[in-house]
>>> print(open('work29.pdb').read())   # PDB, C-alpha atoms
ATOM      1  CA  MET A  21     -15.521 -27.707  -9.582
ATOM      2  CA  HIS A  22     -15.154 -26.743  -5.983
ATOM      3  CA  ILE A  23     -15.832 -23.042  -5.387
ATOM      4  CA  GLN A  24     -13.209 -21.222  -3.325
ATOM      5  CA  GLY A  25     -14.692 -18.584  -1.057
ATOM      6  CA  ASP A  26     -18.376 -18.440  -0.175
ATOM      7  CA  MET A  27     -20.171 -21.287  -1.962
ATOM      8  CA  MET A  28     -23.509 -19.608  -1.275
ATOM      9  CA  THR A  29     -23.773 -17.372  -4.317
ATOM     10  CA  TRP A  30     -27.192 -15.827  -3.631
ATOM     11  CA  ASP A  31     -28.393 -13.948  -0.541
ATOM     12  CA  ASN A  32     -31.817 -12.345  -0.028
ATOM     13  CA  HIS A  33     -30.377  -9.621   2.260
ATOM     14  CA  ARG A  34     -32.895 -10.143   5.031
ATOM     15  CA  SER A  35     -32.242 -10.662   8.701
ATOM     16  CA  GLY A  36     -33.279 -13.216  11.307
ATOM     17  CA  LYS A  37     -35.461 -16.170  10.315
ATOM     18  CA  ASN A  38     -36.158 -14.610   6.922
ATOM     19  CA  HIS A  39     -32.494 -14.733   5.861
ATOM     20  CA  VAL A  40     -31.912 -17.159   2.995
ATOM     21  CA  LYS A  41     -28.679 -18.065   1.224
ATOM     22  CA  SER A  42     -28.411 -20.464  -1.666
ATOM     23  CA  ALA A  43     -25.696 -22.155  -3.706
ATOM     24  CA  MET A  44     -27.280 -21.327  -7.054
ATOM     25  CA  ASP A  45     -24.186 -21.529  -9.269
ATOM     26  CA  LYS A  46     -21.901 -24.389 -10.150
ATOM     27  CA  GLY A  47     -18.805 -24.932 -12.216
ATOM     28  CA  ILE A  48     -18.980 -28.176 -14.164
ATOM     29  CA  VAL A  49     -15.915 -29.600 -15.890
ATOM     30  CA  ASN A  50     -14.753 -33.013 -17.055
ATOM     31  CA  GLY A  51     -11.440 -34.825 -16.739
ATOM     32  CA  ALA A  52     -10.223 -33.801 -20.197
ATOM     33  CA  TRP A  53     -10.805 -30.132 -19.409
ATOM     34  CA  LEU A  54      -8.984 -30.490 -16.063
ATOM     35  CA  GLN A  55      -6.015 -32.023 -17.881
ATOM     36  CA  LEU A  56      -5.861 -28.968 -20.149
ATOM     37  CA  PHE A  57      -6.172 -26.556 -17.195
ATOM     38  CA  PRO A  58      -4.784 -28.335 -14.123
ATOM     39  CA  LYS A  59      -4.221 -25.117 -12.147
ATOM     40  CA  SER A  60      -7.736 -23.755 -12.676
ATOM     41  CA  VAL A  61      -9.556 -22.217  -9.729
ATOM     42  CA  LEU A  62     -13.216 -21.239  -9.406
ATOM     43  CA  CYS A  63     -13.850 -18.414  -6.941
ATOM     44  CA  SER A  64     -16.936 -16.553  -5.794
ATOM     45  CA  VAL A  65     -16.424 -12.808  -6.008
ATOM     46  CA  GLN A  66     -17.563 -10.305  -3.378
ATOM     47  CA  THR A  67     -19.983  -7.639  -4.559
ATOM     48  CA  SER A  68     -21.655  -4.812  -2.671
ATOM     49  CA  THR A  69     -24.268  -3.942  -5.298
ATOM     50  CA  SER A  70     -26.065  -7.209  -5.909
ATOM     51  CA  ASP A  71     -27.725 -10.119  -4.133
ATOM     52  CA  HIS A  72     -25.698 -12.465  -6.334
ATOM     53  CA  ARG A  73     -21.994 -13.355  -6.030
ATOM     54  CA  PRO A  74     -20.555 -13.938  -9.516
ATOM     55  CA  LEU A  75     -18.129 -16.781 -10.129
ATOM     56  CA  CYS A  76     -14.697 -16.160 -11.579
ATOM     57  CA  LEU A  77     -12.809 -18.937 -13.345
ATOM     58  CA  ASP A  78      -9.042 -18.454 -13.390
ATOM     59  CA  THR A  79      -7.395 -21.080 -15.580
ATOM     60  CA  GLY A  80      -3.901 -20.062 -14.467
ATOM     61  CA  GLY A  81      -4.580 -20.783 -10.818
ATOM     62  CA  ILE A  82      -3.649 -18.709  -7.849
ATOM     63  CA  GLY A  83       0.073 -18.088  -8.066
ATOM     64  CA  PRO A  84       2.518 -17.502  -5.253
ATOM     65  CA  LYS A  85       2.432 -14.131  -3.572
ATOM     66  CA  PHE A  86       4.808 -11.714  -5.233
ATOM     67  CA  THR A  87       7.210  -9.991  -2.871
ATOM     68  CA  ARG A  88       9.096  -6.964  -4.039
ATOM     69  CA  CYS A  89      12.795  -6.662  -3.533
ATOM     70  CA  PHE A  90      14.069  -3.826  -1.381
ATOM     71  CA  LYS A  91      15.136  -0.662  -3.199
ATOM     72  CA  PHE A  92      16.656   2.356  -1.517
ATOM     73  CA  LYS A  93      14.992   5.545  -2.755
ATOM     74  CA  GLU A  94      17.091   8.635  -3.416
ATOM     75  CA  SER A  95      14.219  10.825  -2.205
ATOM     76  CA  TRP A  96      14.733   9.455   1.329
ATOM     77  CA  THR A  97      18.092  11.228   1.502
ATOM     78  CA  ARG A  98      16.316  14.602   1.318
ATOM     79  CA  ASP A  99      15.037  13.907   4.823
ATOM     80  CA  CYS A 100      17.828  14.191   7.410
ATOM     81  CA  ARG A 101      16.017  11.653   9.614
ATOM     82  CA  SER A 102      16.969   8.912   7.153
ATOM     83  CA  ASN A 103      20.535   9.108   8.474
ATOM     84  CA  LEU A 104      19.222   8.546  11.999
ATOM     85  CA  VAL A 105      17.135   5.559  10.895
ATOM     86  CA  VAL A 106      20.117   3.953   9.176
ATOM     87  CA  ALA A 107      22.513   4.663  12.067
ATOM     88  CA  SER A 108      20.060   3.366  14.656
ATOM     89  CA  ALA A 109      19.332   0.162  12.744
ATOM     90  CA  TRP A 110      23.000  -0.427  11.932
ATOM     91  CA  ASP A 111      24.011  -0.035  15.580
ATOM     92  CA  SER A 112      21.179  -2.252  16.865
ATOM     93  CA  VAL A 113      22.802  -5.511  15.722
ATOM     94  CA  ALA A 114      25.818  -7.300  17.160
ATOM     95  CA  HIS A 115      27.193 -10.676  16.121
ATOM     96  CA  PRO A 116      30.623 -12.214  16.789
ATOM     97  CA  TRP A 117      31.185 -13.435  13.227
ATOM     98  CA  ALA A 118      31.856 -10.495  10.860
ATOM     99  CA  PRO A 119      30.040 -11.800   7.729
ATOM    100  CA  ALA A 120      26.917 -12.629   9.754
ATOM    101  CA  ARG A 121      27.138  -9.265  11.526
ATOM    102  CA  VAL A 122      27.145  -7.352   8.223
ATOM    103  CA  PHE A 123      24.312  -9.493   6.847
ATOM    104  CA  LYS A 124      22.183  -8.892   9.960
ATOM    105  CA  LYS A 125      22.967  -5.157  10.014
ATOM    106  CA  ILE A 126      21.866  -4.815   6.387
ATOM    107  CA  GLY A 127      18.679  -6.747   7.164
ATOM    108  CA  ALA A 128      17.892  -4.589  10.201
ATOM    109  CA  THR A 129      18.533  -1.433   8.172
ATOM    110  CA  ARG A 130      16.238  -2.650   5.385
ATOM    111  CA  VAL A 131      13.415  -3.371   7.854
ATOM    112  CA  ALA A 132      13.876  -0.022   9.629
ATOM    113  CA  LEU A 133      13.901   1.923   6.355
ATOM    114  CA  LEU A 134      10.782   0.152   5.083
ATOM    115  CA  GLN A 135       8.936   0.914   8.324
ATOM    116  CA  TRP A 136      10.120   4.532   8.232
ATOM    117  CA  LYS A 137       9.115   4.807   4.561
ATOM    118  CA  ARG A 138       5.588   3.600   5.326
ATOM    119  CA  THR A 139       5.091   6.161   8.068
ATOM    120  CA  GLU A 140       6.850   9.121   6.427
ATOM    121  CA  PHE A 141       6.605   8.678   2.666
ATOM    122  CA  GLY A 142       3.593   6.427   2.194
ATOM    123  CA  LYS A 143       1.312   9.398   2.589
ATOM    124  CA  ILE A 144       3.115  11.959   0.418
ATOM    125  CA  ASP A 145       0.020  12.631  -1.722
ATOM    126  CA  SER A 146      -2.139  13.319   1.337
ATOM    127  CA  ILE A 147       0.604  15.540   2.800
ATOM    128  CA  ILE A 148       0.755  17.565  -0.425
ATOM    129  CA  GLN A 149      -3.025  17.877  -0.512
ATOM    130  CA  GLU A 150      -3.137  19.000   3.121
ATOM    131  CA  LEU A 151      -0.390  21.594   2.611
ATOM    132  CA  GLU A 152      -2.074  22.921  -0.542
ATOM    133  CA  LEU A 153      -5.305  23.325   1.407
ATOM    134  CA  LYS A 154      -3.527  25.148   4.253
ATOM    135  CA  LEU A 155      -1.767  27.466   1.816
ATOM    136  CA  ASP A 156      -5.005  28.158  -0.034
ATOM    137  CA  GLN A 157      -6.822  28.957   3.222
ATOM    138  CA  MET A 158      -4.007  31.219   4.340
ATOM    139  CA  GLN A 159      -3.918  33.053   1.016
ATOM    140  CA  GLN A 160      -7.668  33.675   1.155
ATOM    141  CA  LEU A 161      -7.397  35.591   4.426
ATOM    142  CA  PRO A 162      -8.045  39.353   4.180
ATOM    143  CA  ALA A 163      -5.073  41.586   3.477
ATOM    144  CA  GLY A 164      -2.950  42.222   6.551
ATOM    145  CA  SER A 165      -4.326  39.330   8.580
ATOM    146  CA  ARG A 166      -2.073  36.489   7.530
ATOM    147  CA  ASP A 167       1.213  35.511   9.137
ATOM    148  CA  TRP A 168       3.898  35.696   6.454
ATOM    149  CA  ASN A 169       6.355  33.480   8.398
ATOM    150  CA  SER A 170       3.743  30.735   8.616
ATOM    151  CA  GLU A 171       3.033  31.039   4.907
ATOM    152  CA  ILE A 172       6.755  30.794   4.112
ATOM    153  CA  GLU A 173       6.996  27.621   6.218
ATOM    154  CA  ILE A 174       3.962  26.074   4.486
ATOM    155  CA  ARG A 175       5.393  26.976   1.054
ATOM    156  CA  ARG A 176       8.764  25.454   1.972
ATOM    157  CA  SER A 177       7.114  22.241   3.231
ATOM    158  CA  LEU A 178       4.913  22.023   0.148
ATOM    159  CA  ASN A 179       7.841  22.516  -2.229
ATOM    160  CA  GLU A 180       9.877  19.915  -0.345
ATOM    161  CA  ALA A 181       7.020  17.393  -0.486
ATOM    162  CA  ARG A 182       6.611  18.000  -4.216
ATOM    163  CA  ALA A 183      10.368  17.577  -4.736
ATOM    164  CA  LYS A 184      10.294  14.253  -2.856
ATOM    165  CA  LYS A 185       7.431  13.066  -5.035
ATOM    166  CA  THR A 186       9.239  14.149  -8.215
ATOM    167  CA  ILE A 187      12.419  12.324  -7.196
ATOM    168  CA  TYR A 188      10.393   9.253  -6.273
ATOM    169  CA  TRP A 189       8.784   9.086  -9.721
ATOM    170  CA  LYS A 190      12.098   9.717 -11.523
TER     171      LYS A 190
END
>>> encode(input="work29.pdb", output="structure tokens")
Amino acid sequence: MHIQGDMMTWDNHRSGKNHVKSAMDKGIVNGAWLQLFPKSVLCSVQTSTSDHRPLCLDTGGIGPKFTRCFKFKESWTRDCRSNLVVASAWDSVAHPWAPARVFKKIGATRVALLQWKRTEFGKIDSIIQELELKLDQMQQLPAGSRDWNSEIEIRRSLNEARAKKTIYWK
């Protein structure tokens, strides 16, 4: 069988003239086997801990890429900027024919919300971790040396981020 990916399955990890790669492994099948598994694919697999690339036989073949359908998340509504994203995207499209105009406005809004989601909500775990660290550092300061207003703001932001995550998982 033809190997998809790097056909050279062994590498001596040397540089220059001393570098050697070899196609040590093969996948051998016959016609009857190929009739049973017509979608089969043989791939070499990347590894960072060995001089040998293992082969992986997938008898189901490589399927089409799965694309997820768009879903509006309730947690986005907790951020007032979501209204601005929707309004901006909705107003960015004009078309003379009403059905096409609505279709294009919905599409533009979907794209804008997905982009906004990636930048604002894709990192909610790292935001929570960062806020927890800030709060912990602030609370470890000696008595009388911390700014209570700053701590209140960090607590509010942390609670809001946790609420967004909770709503997301619901």
>>> residues_around(input="work29.pdb", residues="His22 in chain A", least_positions_apart="3", cutoff="9 Å", atoms="only C-alpha atoms", output="NGL selection string")
:A and (27 or 46-47 or 61-63)
>>> closest_residue(input="work29.pdb", among="A:Val113, A:Ala118, A:Leu104, A:Ile23", to="Arg73 in chain A", atoms="all atoms listed in the file")
A:Ile23
>>> resolve_selection(input="work29.pdb", expression="the PyMOL selection byres ((chain A and resi 129-141) around 6)", output="list in words")
Val106, Ala109, Trp110, Ile126, Gly127, Ala128, Gly142, Lys143 and Ile144 of chain A
>>> closest_residue(input="work29.pdb", among="A:Asp99, A:Asp31, A:Arg88, A:Lys41", to="Ser70 in chain A", atoms="all atoms listed in the file")
A:Asp31
>>> axis_aligned_box(input="work29.pdb", around="range 146-157 of chain A", padding_each_side="3 Å", output="JSON")
{"center_x": -3.0, "center_y": 21.1, "center_z": 1.9, "size_x": 13.6, "size_y": 21.6, "size_z": 10.8}
>>> closest_residue(input="work29.pdb", among="A:Ser112, A:Ser95, A:Asp156, A:Leu161", to="Arg182 in chain A", atoms="all atoms listed in the file")
A:Ser95
>>> closest_residue(input="work29.pdb", among="A:His33, A:Lys93, A:Lys125, A:His115", to="Thr69 in chain A", atoms="only C-alpha atoms")
A:His33
>>> atom_distance(input="work29.pdb", atom1="CA of Cys89 in chain A", atom2="CA of Ser108 in chain A")
22.0 Å
>>> atom_distance(input="work29.pdb", atom1="CA of Asn32 in chain A", atom2="CA of His72 in chain A")
8.8 Å
>>> closest_residue(input="work29.pdb", among="A:Thr29, A:Ser102, A:Gln149, A:Gln55", to="Asp71 in chain A", atoms="all atoms listed in the file")
A:Thr29
>>> atom_distance(input="work29.pdb", atom1="CA of Ile174 in chain A", atom2="CA of Leu155 in chain A")
6.5 Å
